[in-house]
Each structure stands twice: as structure tokens, then as C-alpha cells.
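Undergrad: Dumping the structure here so I can ask a few things about it.
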There are 2 protein chains.
Amino acid sequence: MKPGNGSRGALGREHPSLSQRVAEELRRSILTNRRRPGDRLIEDRLSQELGVSRIPIREALRVLAGEGLVAVQPRRGASVADISPEVARDLVEVRATLEGLNARLAARHHDPAIVQELKRVLKDGNRAARSKNADDLVRLNGEFHDKLAEAGGNSILFDIMRTLRERTNLVFAANTARRAEQDWDEHSKILAAVIDGDEDLASMLATRHVHRAAEAAFGAAAKT
Amino acid sequence: MKPGNGSRGALGREHPSLSQRVAEELRRSILTNRRRPGDRLIEDRLSQELGVSRIPIREALRVLAGEGLVAVQPRRGASVADISPEVARDLVEVRATLEGLNARLAARHHDPAIVQELKRVLKDGNRAARSKNADDLVRLNGEFHDKLAEAGGNSILFDIMRTLRERTNLVFAANTARRAEQDWDEHSKILAAVIDGDEDLASMLATRHVHRAAEAAFGAAAKT
DNA sequence: TCCTAGTATATTGTATACAAGAAGGCAAGC
DNA sequence: GCTTGCCTTCTTGTATACAATATACTAGGA
């Protein structure tokens, strides 16, 4: 659960390597749907696009493969992960359980500093939900879940949930604007339970939150 | 949840790349404690030892870092992950929860073919527990949990549990022989609940199994 | 003796180059 | 017309070489 490279320009310059920057760039482009599931990721082409040699590209692809965002077939190359409905269901099942565990832990510890930040994100999120600003909603949604994961205080859980969240978002993204108001209503209730220290309630609400978002997305997907 | 490369010599030769073989070799050496936590993994040295260039080594190290078996510090190189007591606790918490979820799913589906295999492993395990053969115990323990994970039928869960198991084993390994009889008694009860289709019981037993093994290990570690 | 600066050495990061394997197209045969 | 085999081309896998950075060591001064 390192602080992340948000603290740019700090004393220890902490130079990200090219591989890391390439990985970040590719991750971004996948999560924002600029590269679509199934798109091939040809090393030489990426190498030219990003102006670096193939080596950093390869390493970045390996990292993203580990996160499940990219699928690499030996000797056939990499492509953006295409998440089947079955795998999506599996993701949801696991994520729902772990969000539940995390909310329980957050309720148990409830670190005041992080709770404060969560309150702020909640306020911003509610505003964005009313004005239906899609970009803000995606960002704030990510921020809320990220800080909640931090509040849980379990580093392993934090890492796993990040990759699960990225992948479920890839599937649900289209719906995050439509369901915004209900989403943030649920966020609010989860946070309240965490603040109350009501472990059981927090856990149940967080688990249900994931399942409901998934149902909404699958329902919408079925319609299209 | 692919069948793995156990099916060697099959028609599609399925050539593992050098990187993959290096990763496998390193993983082995770490899990069998031939390389100890904290040991530096210097690319050039590994390159000479294994007779390949540094490129496959680097890629293997990245993969293992993704699995949490190796820690890489940018520009300082890789070393075998040294799992702190705090992280160990975090690992146990998450793994206990997920083993519970998995056992629940296994009880829900209970695939007869896999149950059959589990019964066989159980029998072998009990025999090994009585004769206290450490190597066999480690192997069979891994096999039991692996097949149980397969029985859950959730591919995401399967992958996550594998990496969690590897890391917790790294911490508990020393104790797996001492606690063998109780371990296999608990395995037996978990499997019985799965066969009965008793989801709640299976889940509870699997969760408790992890916690108990952890307590035993921590207790033993405190003594030494 | 202890601290500091400077230098040498060890090690990782990246680029280029070549080898090997997979995919697709074209021609020859049935 | 359809299939089969070869060949071209595209792409990945690996090696070597060099550049950049971190660590260890030595010498000089307070």
C-alpha cells in the first residue's frame, strides 16, 4: 500500500522507469476504452508510437498481463483482455466478497483521517451524480473505492481489489453514469456503517453494492 | 484454470518460452526454500547460473513480482520477498475469507469427478500424515487445496488463491509436518461438507482451517 | 577518530540486432 | 472448385552491447 507516485517532485526523485511509464500509459488507454477488448498490442507498433524500444514495452505488457488487463498468448503476442460473461461473473463474485471483508475491516478500525477524505469524496460524488458528469463520476467512483480500500488497512486486500476493480469497471463502465444516483446513495450508507463501527452492516452493504451494480450492468448489456 | 503443462508431449507441443521456464525454476527454488527471503536475485548471476541471457531472467522476475514472491525495487534489483508478520496476517485474513467463499462454491456445484480426485488425495494425505513424510505432506497439501480451488469453479478465485497459498506456505512451511494430523482431519471434514452440499458448514470449516494453521505457525514462530 | 567527497565497481535500464516461430497468400495438383 | 504444400511476411523470443544509476570503498581533512 505504498503512497503511490502521487507525490511527484518529492526529494527522492523516484524516477519511474520507462517500463513503468509505458505500463501506466497502456493501462490508462485500456481503462478509458481508447483500446478496446480484443485489440492486438503489437510490440513493434507500440514501440514506434511511444518512442521507446521493445524491451520496456514487453515488460509493461507482462505487468499488465499479471493484472489481468492484457492477455498474452505465447509466440502470438498480446491483446487487450476480453472479459467473457463467465469471467465477469467470477470477478463479481470475488469482488463482492472482498469488498465485504474490506468494509468490515474499515468499520473495525475506522481511521479518522481517511474517513474525513471519504466524506469529501462522497460530497463531490453526490454533486457529480446530480449533474451527471460522466468523467467526474468515473474518477470519483474510483477514488471512493480506493480510499475505502485504504481504510480497510489490509495491504494484500488493497492490491487485489485494485485489479478486480479495474477489470469490473471495464465491464460496467457504460453503466456508471446511468446508475450514479443509486451508486452514491449506497456509498453513503456504507460509509455511515463504517463510521458507526457496525461491521456486519458495512460488510453486507458493500457486498450488496457490488452485486447490484453488476446486475444493473448485465441487465443493460442484455438489452443492447 | 487451464489444465497446465502437465500434459507434456501432447499434439500441440506448446513450447514454453525460456522466460516461462526460468520463472518456473525460480518459483520452485523459492517455494522449496532453496532461495531464502531477502536473498538478492542479481540478473547477471542468474543469467550465468541458468545459461540464458538477462532478458528472460528479467521477464521471469517481473512475473514473480506480480505473484508477490519477489520484490523489485526500481534500479536496485530484485530479491526474494520477505514477508513481514503484518503482511502475513493480511495474507491470512484474505486467504481465510477466499477459502471460505471457494468451499461454499464447491459445495454448491460439487463436481463428481473432482470430488473423486479429492478423495484420493485425502487418502494419500492421511497416510503421509501418519508416516510424517515432510516432502509428501507439502506436495499433497498443495494438491488438496489446488483441487479444492478447482472444485469451486471460479477462475478468478482460482488464480488469486494460488498466489495467496504460495505466499502463506512460504511462512507456514516449517509447521506443515508438525500439524499434519490435524490438517488432514480438517481437510476430511471440509470435503465431507462439500459432498453434503452444506455450503455454510464447508465455508466455515475452510475459513477456520486457514486461521488455525496460521495460529499454529505464529505460535511456533513466537517460540523460536 | 569521524565525517565528507570523490572515485571505482557492481548492477540495472534500454537499445539494437538477429534468430525462430506463426499467419496468410499463392500456385500446383487432384 | 477445392485442397495441399510452399513461401513470404509479420511478429515474437533471445542475445549482445552500451548507458545510466546505485553502492562500496578510499583518501583527505577537521
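Just so we're on the same page: first chain in the C-alpha cells is A, next is B, and so on; residues restart at 1 for each chain, and ligands are numbered from 1 in the order they show up.
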Select residues of chain D: the criterion is any atom within 10 Å of an atom of chain B, counting only C-alpha atoms (C1' of nucleotides); output as a list in words.
TA: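 The complete set of qualifying residues is DG13, DT14, DA15, DT16, DA20, DT21, DA22 and DT23 of chain D.
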Undergrad: Would you export the selected residues with C-alpha atoms (C1' of nucleotides) as a PDB file, in the first residue's frame, please?
TA:
ATOM      1  C1'  DG D  13      11.816 -14.578 -28.465  1.00  0.00           C
ATOM      2  C1'  DT D  14      16.581 -14.061 -27.166  1.00  0.00           C
ATOM      3  C1'  DA D  15      21.301 -12.333 -27.206  1.00  0.00           C
ATOM      4  C1'  DT D  16      24.730  -8.797 -27.085  1.00  0.00           C
ATOM      5  C1'  DA D  20      22.630   5.343 -16.545  1.00  0.00           C
ATOM      6  C1'  DT D  21      22.284   4.734 -11.789  1.00  0.00           C
ATOM      7  C1'  DA D  22      23.283   2.989  -7.148  1.00  0.00           C
ATOM      8  C1'  DT D  23      26.583   1.081  -3.822  1.00  0.00           C
TER       9       DT D  23
END
Undergrad: Please return as a list of chain:residue names: the residues of segment 35-168 of chain B that backbone DSSP assigns to strand (DSSP E or B).
TA: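 DSSP-assigned strand (DSSP E or B) residues in segment 35-168 of chain B: B:Arg40, B:Leu41, B:Val70, B:Ala71, B:Val72, B:Gln73, B:Gly77, B:Ala78, B:Ser79, B:Val80.
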Undergrad: Using C-alpha atoms, can you export the residues from the last selection as a compact mmCIF listing (two decimals), in the first residue's frame?
TA:
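File written: result_11.txt
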# COMPACT_ATOMS: atom_id res chain seq x y z
CA ARG B 40 19.15 -10.88 -3.77
CA LEU B 41 18.34 -12.04 -7.26
CA VAL B 70 9.72 -11.42 -5.47
CA ALA B 71 10.17 -7.77 -4.54
CA VAL B 72 11.74 -5.48 -7.09
CA GLN B 73 13.00 -2.07 -6.15
CA GLY B 77 17.11 -5.06 -8.33
CA ALA B 78 15.06 -7.98 -7.14
CA SER B 79 15.11 -10.12 -4.04
CA VAL B 80 13.07 -12.97 -2.67
Undergrad: Report the distance between atom C1' of DG24 of chain C and atom C1' of DC7 of chain D in Å, rounded to one decimal place.
TA: 10.6 Å
Undergrad: Return as a PyMOL selection string the residues belonging to chain B that are within 8 Å of chain A, counting only C-alpha atoms.
TA: chain B and resi 16-17+59+62-63+66-67+74+87+90-91+94+97-98+101+154-157
Undergrad: Per DSSP on the backbone, filter segment 7-195 of chain A down to the residues in helix (DSSP H, G or I) and report them as a PyMOL selection string.
TA: chain A and resi 18-31+43-50+54-67+85-109+112-131+134-152+155-175+180-195
Undergrad: Rank nothing, just name the residue among B:Ala216, B:Ala23, B:Leu170, B:Ile42 nearest to chain C, using only C-alpha atoms (C1' of nucleotides).
TA: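 Smallest separation from chain C among the options: B:Ile42.
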Undergrad: Of the candidates B:Asn126, B:Asn169, B:Arg139, B:Arg108, which one gets nearest to Asp198 of chain B if we count only C-alpha atoms?
TA: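 For Asp198 of chain B, the nearest of the given residues is B:Arg108.
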Undergrad: Could you produce a table of the residues of chain C lying within 9 Å of chain A, with the nearest pair of atoms per residue and their separation in Å rounded to one decimal, using only C-alpha atoms (C1' of nucleotides), ordered by chain and increasing residue number, as a Markdown table?
TA:
| residue | atom | partner | partner_atom | distance |
| --- | --- | --- | --- | --- |
| C:DG13 | C1' | A:Ser17 | CA | 7.6 |
| C:DT14 | C1' | A:Ile55 | CA | 7.1 |
| C:DA15 | C1' | A:Ser53 | CA | 6.2 |
| C:DT16 | C1' | A:Ser53 | CA | 8.8 |
| C:DG21 | C1' | A:Arg75 | CA | 7.1 |
| C:DA22 | C1' | A:Arg76 | CA | 7.1 |
Undergrad: Let me see the file: selected residues, C-alpha atoms (C1' of nucleotides), as a compact mmCIF listing (two decimals), in the first residue's frame.
TA:
# COMPACT_ATOMS: atom_id res chain seq x y z
C1' DG C 13 17.75 0.06 -17.63
C1' DT C 14 17.37 0.47 -22.57
C1' DA C 15 18.59 -0.01 -27.42
C1' DT C 16 19.88 -2.57 -31.41
C1' DG C 21 8.12 -19.33 -34.92
C1' DA C 22 3.25 -18.29 -36.62
Undergrad: Please provide as a VMD selection string all residues within 10 Å of segment 150-152 of chain A, with the sequence filter that same-chain residues fewer than 5 positions apart are discarded (counting only C-alpha atoms (C1' of nucleotides)).
TA: chain A and resid 1 99 101 to 115 118 144 to 145 157 to 159 194
Undergrad: Could you check how far atom C1' of DC2 of chain D sits from atom C1' of DG25 of chain C, in Å to one decimal?
TA: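 Rounded to one decimal, the two atoms are 15.6 Å apart.
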Undergrad: Report, in Å with one decimal, the straight-line distance from atom CA of Val22 of chain A to atom CA of Ala81 of chain A.
TA: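 These two atoms are separated by 17.3 Å.
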